[in-house]
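Text of work21.cif (mmCIF, C-alpha atoms and all ligand atoms) as supplied:
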data_work
#
loop_
_atom_site.group_PDB
_atom_site.id
_atom_site.type_symbol
_atom_site.label_atom_id
_atom_site.label_comp_id
_atom_site.auth_asym_id
_atom_site.auth_seq_id
_atom_site.Cartn_x
_atom_site.Cartn_y
_atom_site.Cartn_z
ATOM 1 C CA MET A 12 5.241 1.546 -4.415
ATOM 2 C CA LEU A 13 2.413 0.826 -1.970
ATOM 3 C CA GLN A 14 -1.080 -0.187 -3.021
ATOM 4 C CA LEU A 15 -3.788 1.852 -1.269
ATOM 5 C CA CYS A 16 -7.243 0.307 -0.872
ATOM 6 C CA GLU A 17 -8.952 3.193 0.925
ATOM 7 C CA THR A 18 -8.688 5.934 3.535
ATOM 8 C CA PHE A 19 -11.468 7.184 5.765
ATOM 9 C CA THR A 20 -12.072 8.824 9.134
ATOM 10 C CA SER A 21 -14.324 6.991 11.562
ATOM 11 C CA LEU A 22 -14.525 5.949 15.198
ATOM 12 C CA GLN A 23 -12.012 3.308 16.185
ATOM 13 C CA GLY A 24 -13.982 0.115 16.780
ATOM 14 C CA GLU A 25 -11.410 -2.040 18.576
ATOM 15 C CA SER A 26 -8.411 -2.031 20.906
ATOM 16 C CA THR A 27 -7.912 0.129 23.987
ATOM 17 C CA PHE A 28 -8.401 3.121 21.658
ATOM 18 C CA ALA A 29 -12.008 2.086 20.837
ATOM 19 C CA GLY A 30 -14.425 4.981 20.528
ATOM 20 C CA LEU A 31 -11.829 7.579 19.518
ATOM 21 C CA PRO A 32 -11.821 9.353 16.147
ATOM 22 C CA CYS A 33 -9.383 7.597 13.857
ATOM 23 C CA PHE A 34 -7.989 8.153 10.372
ATOM 24 C CA PHE A 35 -7.734 4.720 8.730
ATOM 25 C CA ILE A 36 -5.259 3.911 5.971
ATOM 26 C CA ARG A 37 -6.027 0.535 4.447
ATOM 27 C CA LEU A 38 -3.397 -1.027 2.207
ATOM 28 C CA THR A 39 -4.269 -3.657 -0.382
ATOM 29 C CA GLY A 40 -3.205 -7.295 -0.207
ATOM 30 C CA CYS A 41 -2.882 -10.002 2.407
ATOM 31 C CA ASN A 42 -0.680 -13.070 2.645
ATOM 32 C CA LEU A 43 -3.358 -15.029 4.571
ATOM 33 C CA ARG A 44 -6.942 -16.130 3.903
ATOM 34 C CA CYS A 45 -8.765 -16.414 7.239
ATOM 35 C CA GLY A 46 -12.127 -18.181 7.035
ATOM 36 C CA TYR A 47 -13.954 -15.290 8.773
ATOM 37 C CA CYS A 48 -12.271 -12.412 6.929
ATOM 38 C CA ASP A 49 -14.563 -9.363 6.661
ATOM 39 C CA THR A 50 -12.236 -7.275 4.497
ATOM 40 C CA SER A 51 -11.710 -9.552 1.503
ATOM 41 C CA TYR A 52 -12.385 -6.520 -0.721
ATOM 42 C CA ALA A 53 -8.899 -5.403 0.347
ATOM 43 C CA PHE A 54 -7.224 -8.463 -1.194
ATOM 44 C CA ALA A 55 -6.888 -7.029 -4.682
ATOM 45 C CA GLN A 56 -8.434 -3.600 -5.242
ATOM 46 C CA GLY A 57 -6.430 -0.423 -4.897
ATOM 47 C CA THR A 58 -4.304 2.316 -6.379
ATOM 48 C CA PRO A 59 -0.497 2.505 -6.467
ATOM 49 C CA VAL A 60 0.690 5.323 -4.176
ATOM 50 C CA SER A 61 3.953 6.628 -2.752
ATOM 51 C CA ILE A 62 4.630 7.284 0.928
ATOM 52 C CA GLU A 63 4.488 11.018 0.178
ATOM 53 C CA GLU A 64 1.019 10.691 -1.325
ATOM 54 C CA ILE A 65 -0.259 8.842 1.751
ATOM 55 C CA LEU A 66 1.258 11.498 4.019
ATOM 56 C CA LYS A 67 -0.489 14.195 1.983
ATOM 57 C CA LEU A 68 -3.845 12.401 2.389
ATOM 58 C CA THR A 69 -3.130 12.085 6.104
ATOM 59 C CA GLN A 70 -2.374 15.782 6.499
ATOM 60 C CA GLU A 71 -5.619 16.636 4.696
ATOM 61 C CA ALA A 72 -7.557 14.337 7.054
ATOM 62 C CA LEU A 73 -5.888 15.783 10.167
ATOM 63 C CA CYS A 74 -6.534 19.382 9.125
ATOM 64 C CA PRO A 75 -10.140 19.775 10.427
ATOM 65 C CA TRP A 76 -8.988 18.415 13.807
ATOM 66 C CA GLN A 77 -6.253 20.965 14.358
ATOM 67 C CA GLY A 78 -5.934 21.777 18.068
ATOM 68 C CA ARG A 79 -8.237 18.919 19.165
ATOM 69 C CA SER A 80 -6.777 16.522 21.682
ATOM 70 C CA TYR A 81 -7.790 13.674 23.959
ATOM 71 C CA GLY A 82 -5.862 13.716 27.214
ATOM 72 C CA SER A 83 -2.217 14.064 26.287
ATOM 73 C CA PHE A 84 -2.367 13.300 22.574
ATOM 74 C CA PRO A 85 -3.740 15.005 19.462
ATOM 75 C CA LEU A 86 -6.760 13.660 17.589
ATOM 76 C CA PRO A 87 -7.505 11.800 15.476
ATOM 77 C CA ILE A 88 -5.445 8.715 16.077
ATOM 78 C CA ILE A 89 -4.097 7.077 12.906
ATOM 79 C CA GLU A 90 -4.366 3.400 12.020
ATOM 80 C CA LEU A 91 -2.526 1.548 9.277
ATOM 81 C CA THR A 92 -4.431 -1.609 8.388
ATOM 82 C CA GLY A 93 -5.185 -3.978 5.535
ATOM 83 C CA GLY A 94 -5.155 -6.617 4.301
ATOM 84 C CA GLU A 95 -1.757 -7.012 5.829
ATOM 85 C CA PRO A 96 0.343 -3.814 5.826
ATOM 86 C CA MET A 97 3.616 -5.629 6.523
ATOM 87 C CA ILE A 98 3.698 -7.267 3.070
ATOM 88 C CA TYR A 99 5.245 -4.008 1.788
ATOM 89 C CA PRO A 100 8.954 -3.272 2.374
ATOM 90 C CA GLU A 101 8.057 0.460 2.578
ATOM 91 C CA THR A 102 5.679 0.012 5.537
ATOM 92 C CA PRO A 103 8.249 0.611 8.340
ATOM 93 C CA GLU A 104 9.232 3.934 6.732
ATOM 94 C CA LEU A 105 5.573 4.929 6.315
ATOM 95 C CA LEU A 106 4.902 4.140 9.982
ATOM 96 C CA LYS A 107 7.882 6.209 11.081
ATOM 97 C CA ARG A 108 6.707 9.192 9.037
ATOM 98 C CA LEU A 109 3.169 8.835 10.433
ATOM 99 C CA CYS A 110 4.576 8.776 13.985
ATOM 100 C CA ASP A 111 6.403 12.023 13.211
ATOM 101 C CA THR A 112 2.963 13.722 13.062
ATOM 102 C CA GLN A 113 2.885 13.184 16.881
ATOM 103 C CA HIS A 114 -0.550 11.534 16.582
ATOM 104 C CA PRO A 115 -0.843 8.030 18.089
ATOM 105 C CA VAL A 116 -0.266 5.454 15.337
ATOM 106 C CA LEU A 117 -1.752 1.965 15.420
ATOM 107 C CA LEU A 118 -0.688 -0.925 13.190
ATOM 108 C CA GLU A 119 -3.171 -3.774 12.687
ATOM 109 C CA THR A 120 -1.172 -6.819 11.647
ATOM 110 C CA ASN A 121 -1.949 -10.502 11.274
ATOM 111 C CA GLY A 122 1.206 -11.413 13.174
ATOM 112 C CA SER A 123 2.677 -13.690 10.515
ATOM 113 C CA LEU A 124 5.485 -11.422 9.257
ATOM 114 C CA PRO A 125 8.516 -9.911 11.033
ATOM 115 C CA LEU A 126 7.762 -6.706 12.975
ATOM 116 C CA ASP A 127 11.205 -5.790 14.277
ATOM 117 C CA GLN A 128 11.586 -2.867 11.814
ATOM 118 C CA VAL A 129 8.411 -1.175 13.124
ATOM 119 C CA ASP A 130 9.038 2.145 14.896
ATOM 120 C CA PRO A 131 8.832 1.698 18.699
ATOM 121 C CA ARG A 132 6.313 4.558 18.923
ATOM 122 C CA VAL A 133 3.747 2.453 17.018
ATOM 123 C CA HIS A 134 0.999 0.668 18.951
ATOM 124 C CA ARG A 135 1.129 -2.753 17.334
ATOM 125 C CA ILE A 136 -2.188 -4.678 17.404
ATOM 126 C CA ILE A 137 -0.952 -8.187 16.685
ATOM 127 C CA ASP A 138 -3.221 -11.139 15.827
ATOM 128 C CA VAL A 139 -2.635 -14.586 17.223
ATOM 129 C CA LYS A 140 -4.716 -16.835 14.990
ATOM 130 C CA LEU A 141 -7.044 -19.451 16.491
ATOM 131 C CA PRO A 142 -8.065 -22.768 14.877
ATOM 132 C CA SER A 143 -11.221 -21.550 13.099
ATOM 133 C CA SER A 144 -9.137 -19.027 11.136
ATOM 134 C CA GLY A 145 -7.706 -21.918 9.120
ATOM 135 C CA VAL A 146 -4.267 -20.271 9.210
ATOM 136 C CA LEU A 147 -3.028 -21.387 12.621
ATOM 137 C CA SER A 148 0.343 -22.476 11.236
ATOM 138 C CA HIS A 149 1.113 -18.870 10.225
ATOM 139 C CA ASN A 150 1.416 -17.602 13.807
ATOM 140 C CA ASN A 151 4.963 -16.294 14.212
ATOM 141 C CA PRO A 152 6.224 -17.341 17.669
ATOM 142 C CA GLN A 153 9.280 -15.071 17.377
ATOM 143 C CA ILE A 154 7.072 -11.977 17.559
ATOM 144 C CA LEU A 155 5.666 -13.071 20.916
ATOM 145 C CA GLN A 156 9.201 -13.329 22.306
ATOM 146 C CA GLN A 157 9.810 -9.662 21.477
ATOM 147 C CA LEU A 158 6.681 -7.887 22.715
ATOM 148 C CA ARG A 159 6.856 -4.188 23.569
ATOM 149 C CA PRO A 160 4.992 -2.317 26.334
ATOM 150 C CA ASN A 161 2.538 -0.664 23.920
ATOM 151 C CA ASP A 162 1.649 -3.865 22.025
ATOM 152 C CA GLN A 163 -1.831 -5.366 22.136
ATOM 153 C CA ILE A 164 -2.502 -8.993 21.196
ATOM 154 C CA LYS A 165 -5.790 -9.815 19.476
ATOM 155 C CA PHE A 166 -7.577 -13.164 19.242
ATOM 156 C CA VAL A 167 -10.634 -13.610 16.983
ATOM 157 C CA LEU A 168 -12.865 -16.376 18.260
ATOM 158 C CA GLY A 169 -16.063 -18.083 17.082
ATOM 159 C CA SER A 170 -16.253 -21.571 18.595
ATOM 160 C CA TYR A 171 -15.735 -23.661 21.711
ATOM 161 C CA GLU A 172 -12.737 -25.213 19.939
ATOM 162 C CA ASP A 173 -11.201 -21.742 19.556
ATOM 163 C CA TYR A 174 -11.885 -20.994 23.204
ATOM 164 C CA ASN A 175 -10.247 -24.184 24.456
ATOM 165 C CA TRP A 176 -7.211 -23.596 22.261
ATOM 166 C CA LEU A 177 -6.927 -20.033 23.588
ATOM 167 C CA LYS A 178 -7.263 -21.110 27.193
ATOM 168 C CA ASN A 179 -4.523 -23.690 26.784
ATOM 169 C CA PHE A 180 -2.317 -21.225 24.901
ATOM 170 C CA LEU A 181 -2.611 -18.592 27.636
ATOM 171 C CA HIS A 182 -1.859 -21.205 30.272
ATOM 172 C CA LEU A 183 1.271 -22.385 28.442
ATOM 173 C CA HIS A 184 2.562 -18.895 27.588
ATOM 174 C CA SER A 185 1.396 -16.786 30.525
ATOM 175 C CA GLY A 186 4.947 -15.519 31.093
ATOM 176 C CA LEU A 187 5.056 -13.901 27.646
ATOM 177 C CA PHE A 188 2.046 -11.688 28.217
ATOM 178 C CA GLN A 189 2.778 -10.037 31.551
ATOM 179 C CA GLY A 190 1.708 -6.408 31.115
ATOM 180 C CA THR A 191 0.363 -6.921 27.577
ATOM 181 C CA THR A 192 -3.272 -6.150 26.755
ATOM 182 C CA LEU A 193 -5.005 -9.272 25.426
ATOM 183 C CA LEU A 194 -8.029 -8.458 23.262
ATOM 184 C CA LEU A 195 -10.718 -10.967 22.426
ATOM 185 C CA SER A 196 -13.036 -10.372 19.450
ATOM 186 C CA TRP A 197 -16.033 -12.636 18.982
ATOM 187 C CA TYR A 198 -17.576 -13.421 15.620
ATOM 188 C CA SER A 199 -20.797 -15.236 14.723
ATOM 189 C CA MET A 200 -19.733 -18.493 13.088
ATOM 190 C CA SER A 201 -22.101 -19.576 10.319
ATOM 191 C CA PRO A 202 -23.581 -23.100 10.396
ATOM 192 C CA GLU A 203 -21.793 -23.858 7.088
ATOM 193 C CA MET A 204 -18.433 -22.850 8.518
ATOM 194 C CA ALA A 205 -19.069 -24.806 11.731
ATOM 195 C CA PHE A 206 -19.955 -27.907 9.695
ATOM 196 C CA SER A 207 -16.929 -27.675 7.420
ATOM 197 C CA LEU A 208 -14.537 -27.192 10.365
ATOM 198 C CA ASP A 209 -16.381 -29.567 12.689
ATOM 199 C CA HIS A 210 -16.505 -26.749 15.245
ATOM 200 C CA HIS A 211 -19.242 -25.820 17.735
ATOM 201 C CA PRO A 212 -20.198 -22.118 17.566
ATOM 202 C CA ILE A 213 -20.105 -20.243 20.851
ATOM 203 C CA SER A 214 -22.429 -17.365 21.745
ATOM 204 C CA ARG A 215 -21.055 -14.051 22.973
ATOM 205 C CA ALA A 216 -22.841 -14.448 26.320
ATOM 206 C CA LYS A 217 -21.437 -17.967 26.813
ATOM 207 C CA LEU A 218 -17.985 -16.695 25.982
ATOM 208 C CA ALA A 219 -18.310 -13.990 28.635
ATOM 209 C CA GLU A 220 -19.403 -16.610 31.191
ATOM 210 C CA LEU A 221 -16.419 -18.835 30.389
ATOM 211 C CA ILE A 222 -13.978 -15.940 30.666
ATOM 212 C CA LEU A 223 -15.294 -15.252 34.166
ATOM 213 C CA GLN A 224 -15.457 -18.921 35.125
ATOM 214 C CA ASP A 225 -11.867 -19.584 33.998
ATOM 215 C CA ALA A 226 -10.532 -16.214 35.195
ATOM 216 C CA LEU A 227 -8.946 -15.473 31.813
ATOM 217 C CA PRO A 228 -6.935 -12.216 31.843
ATOM 218 C CA VAL A 229 -8.452 -10.913 28.588
ATOM 219 C CA ARG A 230 -10.478 -7.920 27.499
ATOM 220 C CA LEU A 231 -13.604 -8.943 25.550
ATOM 221 C CA GLN A 232 -14.126 -6.179 23.029
ATOM 222 C CA ILE A 233 -17.284 -5.304 21.190
ATOM 223 C CA GLN A 234 -16.549 -4.187 17.636
ATOM 224 C CA LEU A 235 -18.117 -0.745 17.899
ATOM 225 C CA HIS A 236 -18.170 -0.044 14.156
ATOM 226 C CA LYS A 237 -20.314 -3.165 13.563
ATOM 227 C CA ILE A 238 -22.876 -1.952 16.111
ATOM 228 C CA LEU A 239 -22.960 1.564 14.681
ATOM 229 C CA TRP A 240 -23.190 0.463 11.045
ATOM 230 C CA PRO A 241 -24.422 -3.169 11.095
ATOM 231 C CA ASN A 242 -25.547 -3.334 7.472
ATOM 232 C CA GLU A 243 -22.467 -1.930 5.805
ATOM 233 C CA ASP A 244 -20.556 -4.345 3.549
ATOM 234 C CA ARG A 245 -17.393 -2.326 3.926
ATOM 235 C CA LEU A 246 -16.216 -1.359 7.371
ATOM 236 C CA ARG A 247 -15.979 2.335 8.084
HETATM 237 S S1 LIG B 301 -5.197 -11.582 8.066
HETATM 238 FE FE1 LIG B 301 -6.886 -10.128 8.227
HETATM 239 S S2 LIG B 301 -7.137 -9.292 6.126
HETATM 240 FE FE2 LIG B 301 -5.868 -11.148 5.974
HETATM 241 S S3 LIG B 301 -7.336 -12.784 5.502
HETATM 242 FE FE3 LIG B 301 -7.044 -12.747 7.736
HETATM 243 S S4 LIG B 301 -8.686 -11.431 8.525
HETATM 244 FE FE4 LIG B 301 -8.521 -11.045 6.306
#
As structure tokens - that is how I would like this structure written.
Amino acid sequence: MLQLCETFTSLQGESTFAGLPCFFIRLTGCNLRCGYCDTSYAFAQGTPVSIEEILKLTQEALCPWQGRSYGSFPLPIIELTGGEPMIYPETPELLKRLCDTQHPVLLETNGSLPLDQVDPRVHRIIDVKLPSSGVLSHNNPQILQQLRPNDQIKFVLGSYEDYNWLKNFLHLHSGLFQGTTLLLSWYSMSPEMAFSLDHHPISRAKLAELILQDALPVRLQIQLHKILWPNEDRLR
């Protein structure tokens, strides 16, 4: 049985699919505890559901969009997120069944658990954790050795220490990422967090300047949903 936190249709806020209508399926539970987590409500709440029940909810959400497409694919896109969806043994089967709808399927994963059972049609958005996450040791190097053409790697960054780590990491592993989209998400590090980590918060503008100065091959993404609905506790 899976544990479902919530489903909703919104605009995709991140990745190369940003701005497109997206049906989100958020599963409950995560094996990590990142210091900047904005979905901690997904750690424990939720309802037990079967794969069939999730597919039924998906079909209901797709219904009003019948016949709508964007370029070559039908809308909305579908994203499986969490928490961490890969904590469930049923997740690969759920992803396969979602792909069978012919809609693009995205998987948001923290990159700590094996992904080899994920259907090759899935667009895997894989985190590589930076120092301020507090969970650096959970990065799974094996995943980076087996990247697929439709994978996107995501880094969440809030400090100069994160930036320097990232720069060094990309320098050391440049060969792994040829042809892979590298996404960079900035967050506003609180003074309390900076003090406890002994980090120096970086502004978004300074980050952009450093990317240009160091010629980093990354895509700085603005989290669209946080601009559209800045005062919402829960993302949507
Ligand atoms: S992996 Fe994602 S959901 Fe889990 S604690 Fe980190 S930010 Fe939160």
Review point. Near Leu73 (chain A), within 10 Å and counting only C-alpha atoms, which residues show up once chain neighbours fewer than 5 positions away are dropped, as a list in words?
Key: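 The filter keeps Thr20, Cys33, Phe34, Lys67, Leu68, Gly78, Arg79, Pro85, Leu86, Pro87, Ile88, Ile89, Thr112 and His114 of chain A.
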Produce a table with one row for each residue of chain A that has an atom at most 6 Å from any atom of ligand LIG 301 (chain B), each row naming the nearest atom pair and its distance in Å at one decimal; use all atoms listed in the file; arrange rows by chain and rising residue number; format as JSON lines.
{"residue": "A:Cys41", "atom": "CA", "partner": "B:LIG301", "partner_atom": "FE2", "distance": 4.8}
{"residue": "A:Leu43", "atom": "CA", "partner": "B:LIG301", "partner_atom": "S3", "distance": 4.7}
{"residue": "A:Arg44", "atom": "CA", "partner": "B:LIG301", "partner_atom": "S3", "distance": 3.7}
{"residue": "A:Cys45", "atom": "CA", "partner": "B:LIG301", "partner_atom": "FE3", "distance": 4.1}
{"residue": "A:Cys48", "atom": "CA", "partner": "B:LIG301", "partner_atom": "FE4", "distance": 4.0}
{"residue": "A:Thr50", "atom": "CA", "partner": "B:LIG301", "partner_atom": "FE4", "distance": 5.6}
{"residue": "A:Ser51", "atom": "CA", "partner": "B:LIG301", "partner_atom": "FE4", "distance": 6.0}
{"residue": "A:Gly93", "atom": "CA", "partner": "B:LIG301", "partner_atom": "S2", "distance": 5.7}
{"residue": "A:Gly94", "atom": "CA", "partner": "B:LIG301", "partner_atom": "S2", "distance": 3.8}
{"residue": "A:Glu95", "atom": "CA", "partner": "B:LIG301", "partner_atom": "FE2", "distance": 5.8}
{"residue": "A:Asn121", "atom": "CA", "partner": "B:LIG301", "partner_atom": "S1", "distance": 4.7}
Report as a short mmCIF file (atom, residue, chain, number, x, y, z; two decimals) with C-alpha atoms, keeping the file's coordinate frame the residues that result from applying the PyMOL selection byres (((chain A and resi 146) around 12) and not hetatm) to the structure here.
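Just written: selection.cif:
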data_model
loop_
_atom_site.label_atom_id
_atom_site.label_comp_id
_atom_site.auth_asym_id
_atom_site.auth_seq_id
_atom_site.Cartn_x
_atom_site.Cartn_y
_atom_site.Cartn_z
CA ASN A 42 -0.68 -13.07 2.64
CA LEU A 43 -3.36 -15.03 4.57
CA ARG A 44 -6.94 -16.13 3.90
CA CYS A 45 -8.76 -16.41 7.24
CA GLY A 46 -12.13 -18.18 7.04
CA TYR A 47 -13.95 -15.29 8.77
CA CYS A 48 -12.27 -12.41 6.93
CA ASN A 121 -1.95 -10.50 11.27
CA GLY A 122 1.21 -11.41 13.17
CA SER A 123 2.68 -13.69 10.52
CA ASP A 138 -3.22 -11.14 15.83
CA VAL A 139 -2.64 -14.59 17.22
CA LYS A 140 -4.72 -16.84 14.99
CA LEU A 141 -7.04 -19.45 16.49
CA PRO A 142 -8.06 -22.77 14.88
CA SER A 143 -11.22 -21.55 13.10
CA SER A 144 -9.14 -19.03 11.14
CA GLY A 145 -7.71 -21.92 9.12
CA LEU A 147 -3.03 -21.39 12.62
CA SER A 148 0.34 -22.48 11.24
CA HIS A 149 1.11 -18.87 10.22
CA ASN A 150 1.42 -17.60 13.81
CA ASN A 151 4.96 -16.29 14.21
#
Check your understanding: What gap, in Å, lies between CA of Thr191 (chain A) and CA of Asn179 (chain A)?
Key ->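 About the pair CA of Thr191 (chain A) and CA of Asn179 (chain A): they are 17.5 Å apart.
What separates CA of Pro131 (chain A) from CA of Ala29 (chain A) is a distance of 21.0 Å.
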Convert the output of the PyMOL selection byres (((chain A and resi 135) around 6) and not hetatm) on the shown file into explicit residues, formatted as a PDB file with C-alpha atoms, keeping the file's coordinate frame.
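Here's the written file out02.pdb:
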ATOM      1  CA  LEU A 117      -1.752   1.965  15.420  1.00  0.00           C
ATOM      2  CA  LEU A 118      -0.688  -0.925  13.190  1.00  0.00           C
ATOM      3  CA  VAL A 133       3.747   2.453  17.018  1.00  0.00           C
ATOM      4  CA  HIS A 134       0.999   0.668  18.951  1.00  0.00           C
ATOM      5  CA  ILE A 136      -2.188  -4.678  17.404  1.00  0.00           C
ATOM      6  CA  ILE A 137      -0.952  -8.187  16.685  1.00  0.00           C
ATOM      7  CA  ASP A 162       1.649  -3.865  22.025  1.00  0.00           C
TER       8      ASP A 162
END
**Study point:** Minimum-distance residue to Glu90 (chain A), chosen among A:Thr102, A:Gln23, A:Thr192, A:Gln14 (using all atoms listed in the file)
**Key:**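 Of A:Thr102, A:Gln23, A:Thr192, A:Gln14, the one nearest Glu90 (chain A), counting all atoms listed in the file, is A:Gln23.
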Check your understanding: What does the distance from CA of Phe188 (chain A) to CA of Leu158 (chain A) come to in Å, to one decimal?
Key ->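 Computing the Euclidean distance for CA of Phe188 (chain A) and CA of Leu158 (chain A) yields 8.1 Å.
Between Glu71 (chain A) and the residues A:Phe206, A:Phe19, A:Trp197, A:Phe166, the shortest atom-to-atom distance, using all atoms listed in the file, involves A:Phe19.
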Point to revise | Ref. answer, residues at most 7 Å from (-8.2, -5.5, 14.9) with only C-alpha atoms, as a ChimeraX atom specification | key: /A:25-26,119,136,165
**Study point:** Residue members of the PyMOL selection byres (((chain A and resi 195) around 6) and not hetatm) in the file shown, as a PyMOL selection string
**Key:** chain A and resi 165-166+194+196+230-232
